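> As input, take my_file_18.tsv (TSV, C-alpha atoms and all ligand atoms):
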chain	number	residue	atom	x	y	z
A	1	MET	CA	-124.62	-122.40	2.03
A	2	SER	CA	-124.04	-120.26	-1.09
A	3	ASP	CA	-126.43	-120.28	-4.06
A	4	GLY	CA	-123.83	-122.18	-6.07
A	5	GLN	CA	-123.46	-124.84	-3.41
A	6	ALA	CA	-127.21	-125.15	-3.09
A	7	LYS	CA	-127.53	-125.60	-6.87
A	8	ASP	CA	-124.75	-128.20	-6.93
A	9	SER	CA	-126.34	-130.04	-4.06
A	10	SER	CA	-129.72	-129.90	-5.77
A	11	ARG	CA	-128.24	-131.26	-8.99
A	12	ARG	CA	-126.55	-134.10	-7.15
A	13	ASN	CA	-129.92	-134.98	-5.61
A	14	TRP	CA	-131.39	-135.02	-9.10
A	15	ILE	CA	-128.66	-137.37	-10.27
A	16	ILE	CA	-129.50	-139.80	-7.49
A	17	ALA	CA	-133.25	-139.37	-8.06
A	18	THR	CA	-132.77	-140.01	-11.77
A	19	CYS	CA	-130.98	-143.26	-11.10
A	20	VAL	CA	-133.57	-144.49	-8.62
A	21	SER	CA	-136.65	-143.45	-10.56
A	22	GLY	CA	-135.13	-144.52	-13.87
A	23	GLY	CA	-134.39	-147.92	-12.41
A	24	ALA	CA	-137.98	-148.24	-11.24
A	25	ALA	CA	-139.17	-147.24	-14.69
A	26	GLY	CA	-136.78	-149.84	-16.09
A	27	VAL	CA	-138.59	-152.55	-14.19
A	28	ALA	CA	-141.94	-151.34	-15.45
A	29	THR	CA	-140.90	-150.96	-19.08
A	30	ALA	CA	-138.09	-153.52	-19.35
A	31	LEU	CA	-135.69	-150.69	-20.18
A	32	PRO	CA	-133.02	-150.97	-17.50
A	33	LEU	CA	-130.96	-147.97	-16.44
A	34	VAL	CA	-127.52	-148.53	-15.02
A	35	CYS	CA	-125.99	-145.95	-12.70
A	36	THR	CA	-122.25	-145.49	-12.98
A	37	PHE	CA	-120.23	-143.19	-10.78
A	38	ALA	CA	-116.79	-144.50	-11.57
A	39	PRO	CA	-114.43	-141.49	-11.59
A	40	SER	CA	-112.25	-140.86	-8.59
A	41	GLU	CA	-112.91	-137.88	-6.35
A	42	ARG	CA	-109.67	-136.34	-7.58
A	43	ALA	CA	-110.65	-136.69	-11.24
A	44	LYS	CA	-114.07	-135.21	-10.58
A	45	ALA	CA	-112.61	-132.29	-8.63
A	46	ALA	CA	-110.29	-131.48	-11.50
A	47	GLY	CA	-113.05	-131.71	-14.10
A	48	ALA	CA	-111.00	-134.27	-15.91
A	49	PRO	CA	-112.35	-136.33	-18.79
A	50	VAL	CA	-114.20	-139.43	-17.61
A	51	GLU	CA	-113.86	-142.85	-19.21
A	52	VAL	CA	-117.00	-144.97	-19.35
A	53	ASP	CA	-117.28	-148.63	-20.26
A	54	ILE	CA	-120.27	-149.07	-22.55
A	55	GLY	CA	-119.64	-152.71	-23.47
A	56	ASP	CA	-122.41	-153.88	-21.16
A	57	LEU	CA	-125.10	-151.64	-22.65
A	58	LYS	CA	-127.80	-153.53	-24.50
A	59	PRO	CA	-130.07	-151.81	-27.03
A	60	GLY	CA	-132.51	-149.69	-25.01
A	61	ASP	CA	-130.20	-149.44	-21.97
A	62	MET	CA	-129.06	-146.13	-20.53
A	63	LYS	CA	-126.12	-145.47	-18.25
A	64	VAL	CA	-125.52	-142.33	-16.18
A	65	ALA	CA	-121.95	-141.14	-15.67
A	66	GLU	CA	-120.85	-138.08	-13.76
A	67	TRP	CA	-118.66	-135.46	-15.45
A	68	ARG	CA	-117.88	-132.11	-13.86
A	69	GLY	CA	-120.67	-132.70	-11.34
A	70	LYS	CA	-123.24	-133.20	-14.10
A	71	PRO	CA	-125.14	-136.36	-15.01
A	72	VAL	CA	-124.22	-137.53	-18.51
A	73	TRP	CA	-126.59	-139.99	-20.10
A	74	ILE	CA	-125.28	-142.66	-22.42
A	75	LEU	CA	-128.19	-144.29	-24.22
A	76	LYS	CA	-127.78	-147.18	-26.64
A	77	ARG	CA	-130.70	-146.66	-28.98
A	78	THR	CA	-132.54	-149.50	-30.68
A	79	PRO	CA	-133.18	-149.39	-34.46
A	80	GLU	CA	-136.78	-148.43	-33.63
A	81	MET	CA	-135.58	-145.55	-31.44
A	82	LEU	CA	-133.35	-144.25	-34.24
A	83	ALA	CA	-136.19	-144.61	-36.73
A	84	SER	CA	-138.34	-142.36	-34.52
A	85	LEU	CA	-136.07	-139.34	-34.97
A	86	PRO	CA	-137.10	-138.28	-38.50
A	87	LYS	CA	-140.69	-138.34	-37.25
A	88	THR	CA	-139.95	-135.67	-34.64
A	89	ASP	CA	-137.95	-133.35	-36.93
A	90	ALA	CA	-140.91	-131.05	-37.59
A	91	GLU	CA	-141.89	-130.89	-33.92
A	92	VAL	CA	-138.56	-130.05	-32.30
A	93	ALA	CA	-137.33	-126.49	-31.92
A	94	ASP	CA	-133.79	-126.95	-33.23
A	95	PRO	CA	-133.66	-130.11	-35.36
A	96	LYS	CA	-130.10	-129.51	-36.59
A	97	SER	CA	-128.67	-128.48	-33.22
A	98	GLU	CA	-127.68	-125.02	-34.37
A	99	LYS	CA	-128.32	-123.27	-31.03
A	100	PRO	CA	-125.83	-124.11	-28.29
A	101	TYR	CA	-126.97	-124.30	-24.67
A	102	THR	CA	-124.04	-124.13	-22.21
A	103	MET	CA	-121.51	-125.63	-24.62
A	104	ASP	CA	-121.10	-125.76	-28.39
A	105	VAL	CA	-122.44	-128.89	-29.99
A	106	PRO	CA	-119.43	-130.78	-31.37
A	107	GLU	CA	-119.39	-130.68	-35.17
A	108	TYR	CA	-119.56	-134.47	-35.36
A	109	CYS	CA	-122.89	-134.39	-33.49
A	110	LYS	CA	-124.59	-131.70	-35.56
A	111	ASN	CA	-126.87	-134.21	-37.21
A	112	GLU	CA	-130.33	-135.62	-36.69
A	113	ASP	CA	-129.11	-138.42	-34.41
A	114	ARG	CA	-126.79	-136.08	-32.46
A	115	SER	CA	-124.22	-138.83	-32.37
A	116	ARG	CA	-120.87	-139.71	-33.87
A	117	ALA	CA	-121.08	-141.37	-37.28
A	118	GLU	CA	-119.17	-144.48	-36.18
A	119	HIS	CA	-121.79	-145.31	-33.51
A	120	LYS	CA	-125.06	-143.68	-34.48
A	121	ASP	CA	-126.94	-145.73	-31.92
A	122	ILE	CA	-125.09	-144.21	-28.94
A	123	LEU	CA	-126.46	-140.92	-27.60
A	124	VAL	CA	-124.30	-138.97	-25.12
A	125	VAL	CA	-126.00	-135.91	-23.58
A	126	VAL	CA	-125.90	-133.94	-20.35
A	127	GLY	CA	-129.09	-134.81	-18.47
A	128	ILE	CA	-129.92	-131.29	-17.31
A	129	CYS	CA	-132.99	-129.47	-18.62
A	130	SER	CA	-132.22	-126.19	-20.42
A	131	HIS	CA	-135.09	-124.43	-18.62
A	132	LEU	CA	-134.17	-124.32	-14.92
A	133	GLY	CA	-131.81	-127.24	-14.52
A	134	CYS	CA	-133.96	-130.17	-13.40
A	135	SER	CA	-133.04	-133.63	-14.63
A	136	PRO	CA	-135.62	-135.04	-17.08
A	137	SER	CA	-136.97	-138.58	-16.68
A	138	SER	CA	-136.65	-141.24	-19.34
A	139	LYS	CA	-139.92	-142.00	-21.14
A	140	PHE	CA	-138.74	-144.48	-23.72
A	141	GLN	CA	-142.01	-146.21	-24.29
A	142	ALA	CA	-143.84	-144.85	-27.36
A	143	GLY	CA	-147.57	-144.11	-27.43
A	144	PRO	CA	-150.11	-142.19	-25.38
A	145	GLN	CA	-149.44	-141.83	-21.64
A	146	PRO	CA	-149.93	-139.21	-18.92
A	147	SER	CA	-148.29	-135.79	-19.57
A	148	LEU	CA	-147.26	-136.80	-23.10
A	149	PRO	CA	-148.88	-136.40	-26.54
A	150	ASP	CA	-150.66	-139.29	-28.19
A	151	ASN	CA	-148.04	-139.46	-30.95
A	152	TRP	CA	-145.17	-139.78	-28.42
A	153	GLN	CA	-142.22	-141.57	-30.04
A	154	GLY	CA	-140.16	-142.01	-26.87
A	155	GLY	CA	-137.80	-139.52	-25.24
A	156	PHE	CA	-137.50	-137.61	-21.98
A	157	LEU	CA	-139.94	-135.59	-19.85
A	158	CYS	CA	-138.82	-132.92	-17.42
A	159	PRO	CA	-140.90	-133.34	-14.25
A	160	CYS	CA	-140.52	-129.70	-13.19
A	161	HIS	CA	-142.42	-127.81	-15.91
A	162	GLY	CA	-143.19	-130.39	-18.58
A	163	SER	CA	-140.53	-129.80	-21.22
A	164	THR	CA	-140.08	-132.79	-23.48
A	165	PHE	CA	-137.07	-134.00	-25.46
A	166	ASP	CA	-136.84	-136.63	-28.17
A	167	LEU	CA	-134.47	-139.60	-28.24
A	168	ALA	CA	-131.68	-137.32	-29.49
A	169	GLY	CA	-132.16	-134.86	-26.61
A	170	ARG	CA	-133.82	-132.28	-28.90
A	171	VAL	CA	-136.39	-130.11	-27.18
A	172	PHE	CA	-139.93	-130.01	-28.51
A	173	LYS	CA	-141.38	-126.67	-29.65
A	174	ASN	CA	-143.51	-124.48	-27.37
A	175	LYS	CA	-142.08	-125.83	-24.12
A	176	PRO	CA	-140.43	-123.85	-21.30
A	177	ALA	CA	-136.98	-125.24	-22.15
A	178	PRO	CA	-135.46	-123.20	-24.99
A	179	ASN	CA	-132.54	-125.43	-25.97
A	180	ASN	CA	-131.63	-128.98	-26.75
A	181	LEU	CA	-129.75	-130.95	-24.10
A	182	ASP	CA	-126.03	-130.31	-24.17
A	183	VAL	CA	-123.81	-132.77	-26.02
A	184	PRO	CA	-120.35	-132.87	-24.43
A	185	ARG	CA	-117.22	-133.57	-26.38
A	186	TYR	CA	-116.59	-137.29	-26.38
A	187	MET	CA	-114.74	-139.91	-28.36
A	188	TYR	CA	-114.35	-143.66	-28.58
A	189	LEU	CA	-111.28	-145.26	-27.07
A	190	SER	CA	-112.52	-148.62	-28.36
A	191	ASP	CA	-115.86	-150.05	-29.42
A	192	SER	CA	-116.71	-150.58	-25.77
A	193	LYS	CA	-115.21	-147.51	-24.11
A	194	ILE	CA	-115.80	-143.79	-24.49
A	195	VAL	CA	-114.19	-140.80	-22.85
A	196	ILE	CA	-116.40	-137.82	-21.99
A	197	GLY	CA	-114.95	-134.30	-21.92
A	198	LYS	CA	-112.35	-134.90	-24.57
A	199	ASP	CA	-112.13	-135.55	-28.31
A	200	GLU	CA	-109.61	-135.41	-31.11
A	201	LYS	CA	-109.32	-131.64	-30.60
A	202	GLY	CA	-108.46	-131.96	-26.93
A	203	GLU	CA	-110.26	-131.50	-23.62
A	204	ALA	CA	-113.52	-129.56	-23.32
A	301	LIG	S1	-136.64	-127.21	-15.41
A	301	LIG	FE1	-137.25	-128.53	-17.02
A	301	LIG	S2	-139.09	-127.68	-17.72
A	301	LIG	FE2	-138.48	-126.32	-16.16
Let me see whether you can do it: turn the structure in this file into C-alpha cells.


Amino acid sequence: MSDGQAKDSSRRNWIIATCVSGGAAGVATALPLVCTFAPSERAKAAGAPVEVDIGDLKPGDMKVAEWRGKPVWILKRTPEMLASLPKTDAEVADPKSEKPYTMDVPEYCKNEDRSRAEHKDILVVVGICSHLGCSPSSKFQAGPQPSLPDNWQGGFLCPCHGSTFDLAGRVFKNKPAPNNLDVPRYMYLSDSKIVIGKDEKGEA
C-alpha cells in the first residue's frame, strides 16, 4: 500500500470513528450527530460537488458529508453557539480567517462566523485537523471538562495532539495545529439544501 493510500484509508477510518464517537457524545450531551454518505461512488471518484439536505438539522445538530474523500461537517449552530464566537476572538490564532490551509477561504466566509450571510447559523468546514490530519471530536458543551480550559465555549478537540477549535472551526493559539479548519466552497440551492464544492464562481 502506498503512503497516499494509507493516508486515505486512515482518513476514512477517522470519518467512521467521528460518526460513531460523535453519535455516542450526542447521546450524552443531547447533541445528535447525523452521518450522511449520500453521494454515489461515481460522483465521489470524480470529486464532483456534493448536494446535502440540511432540512432535518435542528439547532445544535451536526451532519457529516463526504466530499473528495474528506469529511465535511455541517453544523447548525444555536443562538448561544453563535454568541460564543466574539468571546473567542482574542484567543484564536486567525480570527478573520486570513491564512488559508489547503484551500482559500471563500470571500463570503471571511467573517467571524465563517459562514454565508444568508444562513449565519450554518457552519460548513472540512473536519480534518491542520496539524497532522486527524479528525477532531465535537465538544459542544460549554464549561470545564477534561482536556479543555475552564472557559471553554464549545467547539472541537483534536484527540491526537490536543489542538482545539471554536464553533467556527478557528484554531486556538499556541496549539500544534497552525491553521483554521478549511471552509470549502458551498452555496445554497434552497433553504434546505446546500451543494459543497461549488459556488456562484463555479466548482472548487
Ligand atoms: S493532528 Fe490534530 S493536533 Fe495533531

> Check which residues of chain A sit at most 9 Å from ligand LIG 301 (chain A) using only C-alpha atoms and all ligand atoms, and return one row each with the closest pair of atoms and their distance in Å to one decimal, ordered by chain and rising number, as a tab-separated table.


residue	atom	partner	partner_atom	distance
A:Ile128	CA	A:LIG301	FE1	7.8
A:Cys129	CA	A:LIG301	FE1	4.6
A:Ser130	CA	A:LIG301	FE1	6.5
A:His131	CA	A:LIG301	S1	4.5
A:Leu132	CA	A:LIG301	S1	3.8
A:Gly133	CA	A:LIG301	S1	4.9
A:Cys134	CA	A:LIG301	S1	4.5
A:Ser135	CA	A:LIG301	FE1	7.0
A:Pro136	CA	A:LIG301	FE1	6.7
A:Leu157	CA	A:LIG301	FE1	8.1
A:Cys158	CA	A:LIG301	FE1	4.7
A:Pro159	CA	A:LIG301	FE1	6.6
A:Cys160	CA	A:LIG301	FE2	4.9
A:His161	CA	A:LIG301	S2	3.8
A:Gly162	CA	A:LIG301	S2	5.0
A:Ser163	CA	A:LIG301	S2	4.3
A:Thr164	CA	A:LIG301	S2	7.8
A:Lys175	CA	A:LIG301	S2	7.3
A:Pro176	CA	A:LIG301	S2	5.4
A:Ala177	CA	A:LIG301	S2	5.5

> Within 9 Å of range 90-100 of chain A, counting only C-alpha atoms, which residues qualify if same-chain residues fewer than 6 places away don't, as a ChimeraX atom specification?

/A:109-112,114,165-166,170-174,178-182

> Distance CA of Leu123 in chain A-CA of Pro146 in chain A, one decimal place?

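Computing the Euclidean distance for CA of Leu123 in chain A and CA of Pro146 in chain A yields 25.1 Å.
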
> Would you mind reading off the distance between CA of Trp152 in chain A and CA of Lys70 in chain A, one decimal, in Å?

27.0 Å

> In Å to one decimal, how far is CA of Gln141 in chain A from CA of Glu51 in chain A?

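The value is 28.8 Å.
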